[in-house]
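What follows is a set of notes on a single structure, which appears directly below.
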There are 2 protein chains.
Amino acid sequence: LELEGVAVRPGAEALVFAQDKGLMRQRLAELAMPLPRWRRVSRASEVAAFVAEGSSFPVVLKATRGGYDGKGVWVVHDPAAADEILAHDQVPGFIVEEMVPFTRELSAMVARSPSGQAVAYPVVQTVQRDGICHEVYAPAPGIDPEHAVAAQQVALRIAGELDVVGMLAVEMFDTPAGVLVNELAMRPHNSGHWGIDGAVTSQFENHLRAVLDLPLGDPSATAPVTVMVNLLGGDLTDLYPAYLHCMARDPGLKLHMYGKVVKPGRKVGHVTATGTALDDLLDRTRHAVAYLRGDIDE
Amino acid sequence: LELEGVAVRPGAEALVFAQDKGLMRQRLAELAMPLPRWRRVSRASEVAAFVAEGSSFPVVLKATRGGYDGKGVWVVHDPAAADEILAHDQVPGFIVEEMVPFTRELSAMVARSPSGQAVAYPVVQTVQRDGICHEVYAPAPGIDPEHAVAAQQVALRIAGELDVVGMLAVEMFDTPAGVLVNELAMRPHNSGHWGIDGAVTSQFENHLRAVLDLPLGDPSATAPVTVMVNLLGGDLTDLYPAYLHCMARDPGLKLHMYGKVVKPGRKVGHVTATGTALDDLLDRTRHAVAYLRGDIDE
C-alpha cells in the first residue's frame with residue numbers, strides 16, 4: 001500500500017519493530033534502551049553459550065515473529081528443552097533472553113503524531129498470567145517516581161526514534177535497578193483500555209488524533225485510581241443475563257462487552273472502575289468478571 | 001404509533017406534559033409541586049386580574065405549545081403589551097406567570113426506566129441569556145444541600161407521577177425560599193451535556209439504558225467541578241482551523257462539534273472541562289468558545 005502511495009500510519013518501517021522481536025531488540029540496543037540480556041539463537045549450543053556468558057537457566061526463548069498473548073514464548077530449563085523448541089521449523093527465528101527477576105510488569109503508553117507531537121500516559125501496572133494480561137492498575141500503585149518518569153522517557157524516545165505514529169505501548173519489567181523493555185505494540189493496547197473511563201483522552205481518541213495529525217489530547221487520569229480487569233471466556237456462553245445482573249448490582253462499574261463469541265480464555269470484554277481505593281475497585285471489578293465468567297453465581 | 005402497538009418511550013401520555021405548558025402546570029399543581037404563580041389566559045383583562053390578585057408587572061406570557069430556546073416566551077410590562085401578544089392567532093393557548101425573583105436557574109435531571117428504577121444527577125446551575133442556555137456548572141456552585149435534595153426529589157417525583165421513561169430535565173428557579181419548577185424536557189437535555197465528560201454515566205447512556213429497561217448507571221460526577229459552555233454560532237463559519245487551534249492550545253478541553261452549518265446564535269457545539277476550580281474552568285472553556293465564534297483571534 002505504501003508503494004502505491006497510500007498513507008499507512010504507523011508506517012511499515014516502524015511497524016516492523018513491533019512485528020519482529022529480533023529487529024526490535026537490535027534497534028533498541030543501538031539506542032541504548034534498557035533491555036534484558038538477549039541474543040539471536042538457532043541452536044541449543046548457542047543457548048548454552050548465552051547462559052555460560054552471564055545468565056543461568058531457566059531462560060526464555062521467543063519466536064521473533066508471530067507471537068501474542070503468551071504464544072511464541074517458552075521458558076526453558078536446560079539445553080535439551082531449548083533444542084526441542086528450536087526444532088520448530090515453522091518459526092522463522094528465535095531469540096533467547098535472561099529471565100528477569102522483575103517485581104512487577106509495567107506498561108508505558110504514548111501517542112505520537114506525524115508532526116512529532118507526543119504525549120505520555122500515566123505508567124500502569126499490568127498483571128499477566130501465562131502471558132495474558134488479566135488486570136491493569138492505573139497508575140502503577142506506589143511506583144517510584146523516577147521509575148515512572150524513566151519509563152515514560154523510554155517510551156517517548158522509542159516512539160520518536162522509530163517514527164511511530166499513533167499509540168505505542170511499551171511493556172516493561174520493573175526491577176529494583178530500574179525498568180527494562182519487554183515488548184512493543186504500535187496500536188491501542190489492552191494496557192490502555194482503562195483510559196476510556198479513567199483518562200481525559202482515551203487511547204482510542206488519541207490514536208485517531210495522532211493518525212490524522214490533529215493536536216493530541218490530555219492523557220492525564222481523571223481519578224486517583226482506575227482498575228481494569230479483562231473478561232476472559234469462562235463457563236458462561238450467554239453473557240447477557242450476567243451483564244444485567246452486574247449492571248444492577250454495581251451501577252458504578254463500566255462493563256465493556258465486545259460482542260464476541262465466548263471461547264475459553266478468549267478476551268470477550270473488560271470491566272473498569274474508577275475511584276480512590278485500589279482494594280475496593282479490585283473487589284468490585286473482579287467480582288463482576290467472576291460473575292460474567294460463571295465462576296460465581298451471586 | 002402507540003395505537004399500532006409500537007413501544008414509544010417516553011409514551012404520549014407522559015410527553016404531552018413536556019409539550020404543553022398549561023397541562024404541565026395543571027398536573028404539577030395537582031401534585032403540589034413548587035411552581036411560580038400561574039394561570040391560563042386568553043385576554044389582557046385576565047392578565048390584569050392575575051396581577052391584581054397577587055403579582056405585579058412585569059409578568060411572563062408563555063405560549064402553551066411550540067416554544068423553545070426563548071421562543072414563545074414574552075415579558076410584558078402592562079396590559080396593552082399583553083393584548084398585543086395574546087392577539088397571535090397562531091398560538092393555541094397562553095399562560096401567564098409571575099416574574100420569579102430568582103437568584104439563579106437550576107436543572108435537576110433524572111433517568112427513569114419502565115420498571116420504575118430512577119437515578120438523580122447532581123443538580124446543576126444553568127446560565128441563560130434570552131432564554132437560551134449558555135453555560136452549565138456541575139454541581140451548582142455552593143448550592144444549599146437542602147435545595148439540591150429538594151430539587152432532586154421534585155424531579156424524581158415528577159418522573160414517577162408522569163410515568164416518564166428516559167431522561168427528564170426539570171428546569172428550576174432557585175430562590176431564597178426554595179426551588180420552583182420552570183420547564184420540563186423529556187429527553188437528553190443541554191443541561192446534561194456536561195456528564196459526557198464529567199459523570200460516571202452520561203445522560204445519553206442512561207437514556208438508552210432507561211428506554212431499553214436496562215439497569216441504570218451511576219449518575220455521579222467524576223470531578224469536583226465540570227463546566228460546559230455552549231458554542232452558539234458567531235462570525236466564524238469554517239470552524240475547523242479554530243478547532244485545531246483550541247485543541248492544541250488546551251489539550252484538556254473536550255471540544256464537541258455537532259457538524260451543523262453555523263448560523264448566528266445556533267447551537268453548533270459545546271466545550272467541557274473538568275477539574276477543581278470553577279474560575280479556571282470557566283476561563284478556559286469561555287476562551288475556546290470565544291475563539292470558535294471568532295470573537296477573539298488569539
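Lettering and numbering for the C-alpha cells are positional, with chains as A, B, ... in the shown order, residues counted from 1 in each chain, and ligands counted from 1 in the shown order.
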
Given a cut-off of 6 Å, which residues of chain B touch chain A, counting only C-alpha atoms, written out as a VMD selection string? chain B and resid 215 217 to 218 247 to 248 251 to 252

Residues near A:Gly269, cut-off 12 Å, only C-alpha atoms, skip fewer than 5 positions along chain, as number ranges by chain: A: 134, 190, 193, 228-234, 239, 243, 254-263, 288-289, 292-293

Give me, as a ChimeraX atom specification, the residues of stretch 130-262 of chain A that a backbone DSSP run labels strand (DSSP E or B). /A:132-138,166-175,178-185,199,221,225-232,254-257

Store the residues picked out above in a file with N, CA, C and O atoms, as a short mmCIF file (atom, residue, chain, number, x, y, z; two decimals), in the first residue's frame.
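Final file, out.cif:
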data_model
loop_
_atom_site.label_atom_id
_atom_site.label_comp_id
_atom_site.auth_asym_id
_atom_site.auth_seq_id
_atom_site.Cartn_x
_atom_site.Cartn_y
_atom_site.Cartn_z
N ILE A 132 -0.83 -13.62 29.38
CA ILE A 132 -2.06 -12.92 29.00
C ILE A 132 -2.38 -11.86 30.06
O ILE A 132 -2.34 -12.15 31.27
N CYS A 133 -2.68 -10.66 29.61
CA CYS A 133 -3.00 -9.58 30.54
C CYS A 133 -4.34 -9.87 31.22
O CYS A 133 -5.34 -10.09 30.55
N HIS A 134 -4.32 -9.88 32.54
CA HIS A 134 -5.56 -10.08 33.30
C HIS A 134 -6.08 -8.79 33.92
O HIS A 134 -7.27 -8.54 33.91
N GLU A 135 -5.15 -7.99 34.47
CA GLU A 135 -5.59 -6.78 35.17
C GLU A 135 -4.62 -5.64 34.89
O GLU A 135 -3.44 -5.86 34.65
N VAL A 136 -5.16 -4.43 34.96
CA VAL A 136 -4.33 -3.22 34.82
C VAL A 136 -4.72 -2.26 35.93
O VAL A 136 -5.91 -2.04 36.18
N TYR A 137 -3.68 -1.70 36.60
CA TYR A 137 -3.92 -0.70 37.64
C TYR A 137 -3.27 0.61 37.17
O TYR A 137 -2.07 0.64 36.88
N ALA A 138 -4.07 1.67 37.12
CA ALA A 138 -3.57 2.96 36.64
C ALA A 138 -3.75 4.02 37.72
O ALA A 138 -4.86 4.20 38.19
N GLY A 166 0.66 7.21 16.08
CA GLY A 166 -0.46 6.58 16.76
C GLY A 166 -0.03 6.17 18.16
O GLY A 166 0.90 6.75 18.73
N MET A 167 -0.70 5.16 18.70
CA MET A 167 -0.37 4.72 20.05
C MET A 167 0.81 3.74 20.02
O MET A 167 0.90 2.89 19.12
N LEU A 168 1.65 3.86 21.02
CA LEU A 168 2.72 2.89 21.25
C LEU A 168 2.63 2.44 22.70
O LEU A 168 2.60 3.26 23.62
N ALA A 169 2.57 1.12 22.89
CA ALA A 169 2.65 0.56 24.24
C ALA A 169 4.01 -0.08 24.41
O ALA A 169 4.41 -0.89 23.56
N VAL A 170 4.72 0.30 25.45
CA VAL A 170 5.99 -0.33 25.76
C VAL A 170 5.79 -1.13 27.04
O VAL A 170 5.62 -0.56 28.12
N GLU A 171 5.77 -2.46 26.90
CA GLU A 171 5.62 -3.32 28.07
C GLU A 171 6.99 -3.48 28.71
O GLU A 171 7.98 -3.71 28.00
N MET A 172 7.03 -3.35 30.01
CA MET A 172 8.31 -3.31 30.71
C MET A 172 8.28 -4.19 31.95
O MET A 172 7.23 -4.51 32.49
N PHE A 173 9.49 -4.55 32.38
CA PHE A 173 9.67 -5.17 33.68
C PHE A 173 10.15 -4.10 34.65
O PHE A 173 11.05 -3.32 34.32
N ASP A 174 9.56 -4.09 35.85
CA ASP A 174 10.06 -3.21 36.90
C ASP A 174 10.99 -4.03 37.76
O ASP A 174 10.64 -5.14 38.18
N THR A 175 12.20 -3.54 37.98
CA THR A 175 13.17 -4.24 38.84
C THR A 175 13.73 -3.21 39.81
O THR A 175 13.62 -2.01 39.58
N GLY A 178 15.69 -0.63 38.10
CA GLY A 178 15.09 0.21 37.06
C GLY A 178 14.21 -0.60 36.14
O GLY A 178 13.97 -1.79 36.40
N VAL A 179 13.73 0.04 35.08
CA VAL A 179 12.82 -0.64 34.16
C VAL A 179 13.59 -1.22 32.99
O VAL A 179 14.62 -0.68 32.58
N LEU A 180 13.07 -2.33 32.44
CA LEU A 180 13.64 -2.97 31.25
C LEU A 180 12.53 -3.17 30.23
O LEU A 180 11.42 -3.59 30.60
N VAL A 181 12.83 -2.90 28.98
CA VAL A 181 11.81 -3.05 27.93
C VAL A 181 11.59 -4.53 27.62
O VAL A 181 12.55 -5.27 27.41
N ASN A 182 10.33 -4.93 27.59
CA ASN A 182 9.98 -6.31 27.24
C ASN A 182 9.43 -6.38 25.81
O ASN A 182 10.07 -6.95 24.94
N GLU A 183 8.28 -5.75 25.57
CA GLU A 183 7.68 -5.84 24.24
C GLU A 183 7.15 -4.47 23.79
O GLU A 183 6.88 -3.60 24.62
N LEU A 184 6.94 -4.33 22.50
CA LEU A 184 6.32 -3.13 21.93
C LEU A 184 5.02 -3.51 21.22
O LEU A 184 4.93 -4.57 20.60
N ALA A 185 4.06 -2.61 21.29
CA ALA A 185 2.85 -2.76 20.47
C ALA A 185 2.52 -1.38 19.92
O ALA A 185 2.48 -0.41 20.67
N ALA A 199 -9.29 8.38 31.81
CA ALA A 199 -8.36 9.42 31.35
C ALA A 199 -9.15 10.54 30.67
O ALA A 199 -10.23 10.31 30.14
N ALA A 221 -4.95 11.04 34.01
CA ALA A 221 -6.02 10.30 34.66
C ALA A 221 -7.04 11.27 35.24
O ALA A 221 -6.69 12.38 35.66
N VAL A 225 -7.33 6.47 41.09
CA VAL A 225 -7.05 5.07 40.73
C VAL A 225 -8.09 4.58 39.74
O VAL A 225 -9.29 4.81 39.91
N THR A 226 -7.64 3.89 38.71
CA THR A 226 -8.54 3.17 37.81
C THR A 226 -8.06 1.72 37.73
O THR A 226 -6.86 1.47 37.61
N VAL A 227 -9.02 0.80 37.81
CA VAL A 227 -8.71 -0.63 37.69
C VAL A 227 -9.46 -1.19 36.48
O VAL A 227 -10.64 -0.87 36.28
N MET A 228 -8.75 -1.97 35.67
CA MET A 228 -9.39 -2.65 34.55
C MET A 228 -9.12 -4.14 34.67
O MET A 228 -7.97 -4.54 34.86
N VAL A 229 -10.16 -4.95 34.61
CA VAL A 229 -9.99 -6.40 34.67
C VAL A 229 -10.56 -7.00 33.38
O VAL A 229 -11.70 -6.70 33.00
N ASN A 230 -9.75 -7.79 32.72
CA ASN A 230 -10.20 -8.43 31.48
C ASN A 230 -11.19 -9.54 31.76
O ASN A 230 -11.05 -10.28 32.75
N LEU A 231 -12.17 -9.65 30.87
CA LEU A 231 -13.09 -10.77 30.92
C LEU A 231 -12.61 -11.80 29.91
O LEU A 231 -12.73 -11.60 28.69
N LEU A 232 -12.03 -12.88 30.43
CA LEU A 232 -11.58 -13.97 29.56
C LEU A 232 -12.64 -15.06 29.62
O LEU A 232 -13.13 -15.41 30.69
N LYS A 254 -18.03 0.09 34.79
CA LYS A 254 -18.17 0.26 33.35
C LYS A 254 -17.89 -1.11 32.72
O LYS A 254 -16.77 -1.61 32.74
N LEU A 255 -18.97 -1.69 32.19
CA LEU A 255 -18.89 -3.04 31.61
C LEU A 255 -18.74 -2.91 30.09
O LEU A 255 -19.64 -2.40 29.43
N HIS A 256 -17.63 -3.37 29.59
CA HIS A 256 -17.37 -3.28 28.15
C HIS A 256 -17.44 -4.69 27.56
O HIS A 256 -16.59 -5.53 27.86
N MET A 257 -18.45 -4.95 26.77
CA MET A 257 -18.63 -6.27 26.18
C MET A 257 -18.33 -6.15 24.69
O MET A 257 -18.85 -5.26 24.01
#

Quick one: distance from atom CA of B:Leu156 to atom CA of B:Val119 in Å, one decimal?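 Rounded to one decimal, the two atoms are 7.9 Å apart.
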
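With only C-alpha atoms as the basis for measurement, B:Val16 is the residue among B:Leu278, B:Ala81, B:Val16, B:Val51 that approaches B:Thr64 most closely.
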
If DSSP is run on the backbone, what residues of stretch 51-295 of chain A are helix (DSSP H, G or I)? A reply as a PyMOL selection string would be ideal. chain A and resi 51-52+79-86+145-161+190-192+195-198+203-211+240-249+278-293

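Using only C-alpha atoms, the residues found no farther than 8 Å from stretch 98-107 of chain B, other than those of its own chain fewer than 6 positions away, are B:Pro36, B:Arg37, B:Trp38, B:Ser55, B:Ser56, B:Pro58, B:Val59, B:Val60, B:Val123, B:Val124, B:Gln125, B:Thr126, B:Val127, B:Gln128, B:Ala140, B:Ala169, B:Val170, B:Glu171, B:Met172, B:Phe173, B:Asp174, B:Thr175, B:Pro176, B:Ser191.
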
To one decimal place in Å, what is the distance between atom CA of B:Val76 and atom CA of B:Val154?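 Rounded to one decimal, the two atoms are 28.9 Å apart.
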
Need to verify the contact set: stretch 25-29 of chain A, 9 Å, only C-alpha atoms, exclusion of same-chain residues closer than 5 positions in sequence. Can you return it as a PDB file with C-alpha atoms, in the first residue's frame?
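Result written to out06.pdb:
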ATOM      1  CA  PHE A  17       9.845  -3.300  15.130  1.00  0.00           C
ATOM      2  CA  ASP A  20       9.909  -8.757  14.793  1.00  0.00           C
ATOM      3  CA  PRO A  34      17.319  -0.699  28.900  1.00  0.00           C
ATOM      4  CA  LEU A  35      16.787  -4.322  27.795  1.00  0.00           C
ATOM      5  CA  TRP A  38      19.378 -11.238  24.901  1.00  0.00           C
ATOM      6  CA  ARG A  39      20.804 -12.852  21.778  1.00  0.00           C
ATOM      7  CA  ILE A 158      11.288   4.795  21.200  1.00  0.00           C
ATOM      8  CA  LEU A 162      11.187   4.506  15.436  1.00  0.00           C
ATOM      9  CA  VAL A 181      11.812  -3.049  27.932  1.00  0.00           C
TER      10      VAL A 181
END

In Å, rounded to a single decimal, give me how far atom CA of B:Val91 is from atom CA of B:His77. 20.1 Å
